[in-house]
Amino acid sequence: MQTSRAVSRRRLFQSGAVLAGAALGSRLPGAEALEGPPPRGLDALAKDLHGRLIRPDEPGFLVAAWPNNGRWADVYPLAIAMCVDDHDVRACIDWARQERRPFAVRCGGHNYAGFSTTPGLLIDVKPMSGIAFDAKNGLVTIGAGANNQDMADAFRASGLAVASGRCPTVGISGLTLGGGWGFSATRYGLTCDALRATDAVTADGRLRHATARAGEDDHLFWAARGGGGGNFAVHTAFTFAVHEAHDVTVFNIVWPAKQQVELMLDLQEIQLKHPELISTRSKMAPEQAGKVTRGALHVQTLGQFFGPPAQLRELLAKPLGRVAPTICEINGMNYWAARDYLVTDDPTGLYDIRSSYVAGQLSGRGLERMIGWMEQWPGGSLRQDNMGILFAAGGKVKAVGPTDTAYVHRRSDFIVEMEASWSPLDTPQVVERQQRWLTDYFADMQEFVQKESYVNFPSRDLPNWLAAYYGENVARLQKIKLGYDPDDIFKFPQSIPLPGAPQ
Ligand SMILES: Cc1cc2nc3c(=O)[nH]c(=O)nc-3n(C[C@H](O)[C@H](O)[C@H](O)COP(=O)(O)OP(=O)(O)OC[C@H]3O[C@@H](n4cnc5c(N)ncnc54)[C@H](O)[C@@H]3O)c2cc1C
């Protein structure tokens with residue numbers, strides 16, 4: 001199985017479609033202006049690259065620069081290097097060092113907090129999206145620019161899979177480097193758990209082949225499994241172990257606005273009792289835009305079950321018997337059809353997010369508190385679909401120890417997501433009220449959650465972010481940072497600091 005292709009036009013077009021909506025609400029703290037004259041060396045870099053260097057006055061620049069979260073779309077790069085191979089990545093790193101220019105690395109561009117935007121050089125790995133399966137060792141090597149859709153397309157006919165995420169355009173780089181949650185995580189582990197090797201260009205311009213074996217850049221390999229993107233190197237390829245793709249049952253069940261707390265407790269109980277058999281994403285969400293009230297707050301669970309539909313119906317008997325659902329889709333299908341069913345929309349827009357982890361259940365009191373905060377949402381133009389979500393993250397994810405990989409959150413059973421989103425219709429005052437609401441909501445929920453956050457759901461306003469993302473792995477990550485990037489050139493507002501550096 002081998003696919004290799006240039007960056008998808010559809011993918012670029014999709015992100016371009018939101019350009020029209022980019023107005024009010026995008027200029028927020030964090031937007032950076034380009035300062036100083038353009039460096040002299042861009043021509044030299046353009047000549048050196050095998051791929052294309054896109055400059056601001058060239059066709060496609062704005063579309064290529066556009067990040068998933070439009071909040072950061074007004075951070076214009078000096079130029080975008082579309083890297084087609086290791087040579088291009090090395091040329092970019094060398095150029096940035098010589099010119100003393102900042103840079104950011106981008107794969108899918110989905111970082112919520114804009115960490116793949118920069119006023120300097122944008123090093124885009126998207127063109128490196130080849131996928132090659134090695135029948136001899138049963139491993140698959142995926143170019144660092146591939147996304148979830150590329151993987152689905154390449155794997156579909158093979159009967160094999162690597163556990164990955166829901167959003168078709170999320171990049172394999174960001175997904176893996178931060179952990180990688182998906183509907184197969186509780187059964188097969190996170191995406192980073194399947195990683196067996198990675199190629200990466202470090203700050204000294206060297207291409208490394210990192211594995212778990214001592215002496216083979218094993219510390220860099222350890223950090224690549226949850227240490228977060230953009231911190232140590234530009235990865236050019238990832239090699240994964242695969243699992244067999246068996247038939248599954250998918251489900252999407254929506255309950256009307258009744259007994260929300262009881263239903264959410266039922267769903268968590270089922271997940272906790274059968275972590276490797278079922279994988280749920282359960283949430284409470286308003287039925288329409290406008291004021292959020294308990295009387296119009298439905299419960300939804302979406303997910304995958306590793307068994308036949310009849311067995312799932314039995315497992316879900318308690319919540320199905322408690323309140324009659326308004327939607328109840330339960331269907332057996334093959335793994336890849338299930339993946340297509342579970343795929344998320346590719347939302348573009350303006351948003352901020354907080355995440356936490358829960359060990360065991362988010363209690364009834366915690367859920368009541370959540371509903372209370374939903375009802376206090378200050379208003380805006382959009383229906384808030386992601387105000388309070390629980391992603392199942394126990395089972396196989398917990399089979400790995402907290403310090404075995406850089407992904408530290410191995411004692412938890414759920415990731416909690418809290419989000420506020422807005423559109424260009426909303427005034428800066430409305431946006432500010434929503435952000436304050438999110439900050440207060442998150443702070444008030446701390447009583448019920450672990451003091452941890454998922455680095456792939458980042459926010460610039462997250463307090464104590466270093467400890468929240470990395471817990472007891474912080475010191476080791478800082479030591480690795482010192483070893484591979486002593487001049488701290490891989491730098492962004494939440495990059496891993498050198499030991500002793502202020503945060
Ligand atoms: C719509 C949507 C759905 C999502 N669904 C899921 C989900 O189901 N499961 C889940 O776990 N997460 C999910 N996420 C979060 C997602 O995993 C993270 O945002 C992830 O980091 C995005 O990776 P990316 O390559 O697309 O983004 P980018 O913004 O390109 O990269 C993310 C970070 O990694 C760095 N980076 C990118 N490429 C490289 C590289 N080659 N080498 C080194 N550093 C690099 C960037 O500098 C940045 O800091 C979702 C996000 C969105 C917007």
# chains A, B, ... in the order shown; residues from 1 in each chain; ligands from 1
$ residues_around --residues "His219 (chain A)" --least-positions-apart "3" --cutoff "10 Å" --atoms "only C-alpha atoms" --output "ChimeraX atom specification"
/A:210-216,222-224,405-406,476-477,479-481,483-484
$ residues_near_ligand --ligand "ligand 1" --cutoff "6 Å" --atoms "only C-alpha atoms and all ligand atoms" --output "number ranges by chain"
A: 104-112, 115-116, 125, 144, 165-167, 170-175, 178, 180-182, 229-230, 233-236, 346-347, 456-457
$ residues_around --residues "region 253-258 of chain A" --least-positions-apart "5" --cutoff "10 Å" --atoms "only C-alpha atoms" --output "list in words"
Leu263, Ser282, Lys283, Met284, Ala285, Pro286, Glu287, Thr293, Arg294, Gly295, Ala296, Leu297, His298, Val299, Gln300, Thr301, Leu302, Gly303, Pro319, Leu320, Arg322, Val323, Ala324, Pro325, Thr326, Ile327, Cys328, Glu329 and Ile330 of chain A
$ closest_atom_pairs --of "region 390-484 of chain A" --to "region 380-384 of chain A" --cutoff "10 Å" --atoms "only C-alpha atoms" --output "Markdown table"
| residue | atom | partner | partner_atom | distance |
| --- | --- | --- | --- | --- |
| A:Glu419 | CA | A:Gln384 | CA | 7.9 |
| A:Ala420 | CA | A:Gln384 | CA | 6.9 |
| A:Ser421 | CA | A:Gln384 | CA | 6.8 |
| A:Trp422 | CA | A:Leu382 | CA | 5.9 |
| A:Ser423 | CA | A:Ser381 | CA | 6.6 |
| A:Pro424 | CA | A:Ser381 | CA | 8.8 |
| A:Leu425 | CA | A:Ser381 | CA | 6.5 |
| A:Asp426 | CA | A:Gly380 | CA | 6.2 |
| A:Thr427 | CA | A:Gly380 | CA | 8.8 |
| A:Val430 | CA | A:Gly380 | CA | 6.4 |
| A:Val431 | CA | A:Gly380 | CA | 7.8 |
| A:Arg433 | CA | A:Gly380 | CA | 9.3 |
| A:Gln434 | CA | A:Gly380 | CA | 8.0 |
$ write_last_selection --atoms "C-alpha atoms" --output "compact mmCIF listing (two decimals), in the first residue's frame"
# COMPACT_ATOMS: atom_id res chain seq x y z
CA GLU A 419 -15.47 25.38 24.74
CA ALA A 420 -16.75 28.79 23.73
CA SER A 421 -17.15 29.68 20.07
CA TRP A 422 -18.22 32.77 18.24
CA SER A 423 -18.50 34.19 14.75
CA PRO A 424 -17.71 37.47 13.02
CA LEU A 425 -21.28 38.55 13.89
CA ASP A 426 -20.27 38.85 17.54
CA THR A 427 -18.88 42.14 18.83
CA VAL A 430 -19.57 39.54 23.30
CA VAL A 431 -16.30 37.70 22.62
CA ARG A 433 -17.77 37.99 27.86
CA GLN A 434 -17.57 34.49 26.41
$ closest_atom_pairs --of "region 204-290 of chain A" --to "region 147-156 of chain A" --cutoff "12 Å" --atoms "only C-alpha atoms" --output "CSV"
residue,atom,partner,partner_atom,distance
A:Phe240,CA,A:Met151,CA,11.8
A:Val242,CA,A:Phe155,CA,10.0
A:His243,CA,A:Phe155,CA,11.1
A:Glu244,CA,A:Phe155,CA,10.7
A:Ala245,CA,A:Arg156,CA,9.1
A:His246,CA,A:Arg156,CA,11.7
$ select_by_dssp --residues "region 58-290 of chain A" --states "helix (DSSP H, G or I)" --output "PyMOL selection string"
chain A and resi 61-65+70-72+86-99+148-155+172-178+185-188+191-194+218-224+260-273
$ residues_around --residues "region 460-469 of chain A" --least-positions-apart "3" --cutoff "8 Å" --atoms "only C-alpha atoms" --output "ChimeraX atom specification"
/A:113,354,408,439,451-455,472,474,493-494,496
$ closest_residue --among "A:Asp199, A:Asp86, A:Asp124, A:Asp247" --to "Leu53 (chain A)" --atoms "only C-alpha atoms"
A:Asp124
$ atom_distance --atom1 "CA of Lys318 (chain A)" --atom2 "CA of Glu368 (chain A)"
20.2 Å
$ atom_distance --atom1 "CA of Met418 (chain A)" --atom2 "CA of Met387 (chain A)"
4.8 Å
$ residues_around --residues "Ile80 (chain A)" --least-positions-apart "2" --cutoff "8 Å" --atoms "only C-alpha atoms" --output "ChimeraX atom specification"
/A:53-55,61,64-65,77-78,82,121-124
$ residues_around --residues "Ser184 (chain A)" --least-positions-apart "3" --cutoff "8 Å" --atoms "only C-alpha atoms" --output "list in words"
Ala163, Ser164, Trp181, Arg187, Tyr188, Gly189, Leu190, Ser279 and Gln304 of chain A
$ closest_residue --among "A:Pro378, A:Gly290, A:Gly145, A:Gly364" --to "Pro127 (chain A)" --atoms "only C-alpha atoms"
A:Gly145
$ residues_around --residues "Phe133 (chain A)" --least-positions-apart "4" --cutoff "12 Å" --atoms "only C-alpha atoms" --output "PyMOL selection string"
chain A and resi 1-3+137-143+151+154-155+158+160-162+238-242
$ atom_distance --atom1 "CA of Cys92 (chain A)" --atom2 "CA of Pro486 (chain A)"
18.1 Å
$ closest_residue --among "A:Gly228, A:His209, A:Asn473, A:Ala200" --to "Gly401 (chain A)" --atoms "only C-alpha atoms"
A:Asn473
$ closest_residue --among "A:Pro497, A:Gly332, A:Gly366, A:Gly179" --to "Ala393 (chain A)" --atoms "only C-alpha atoms"
A:Gly179
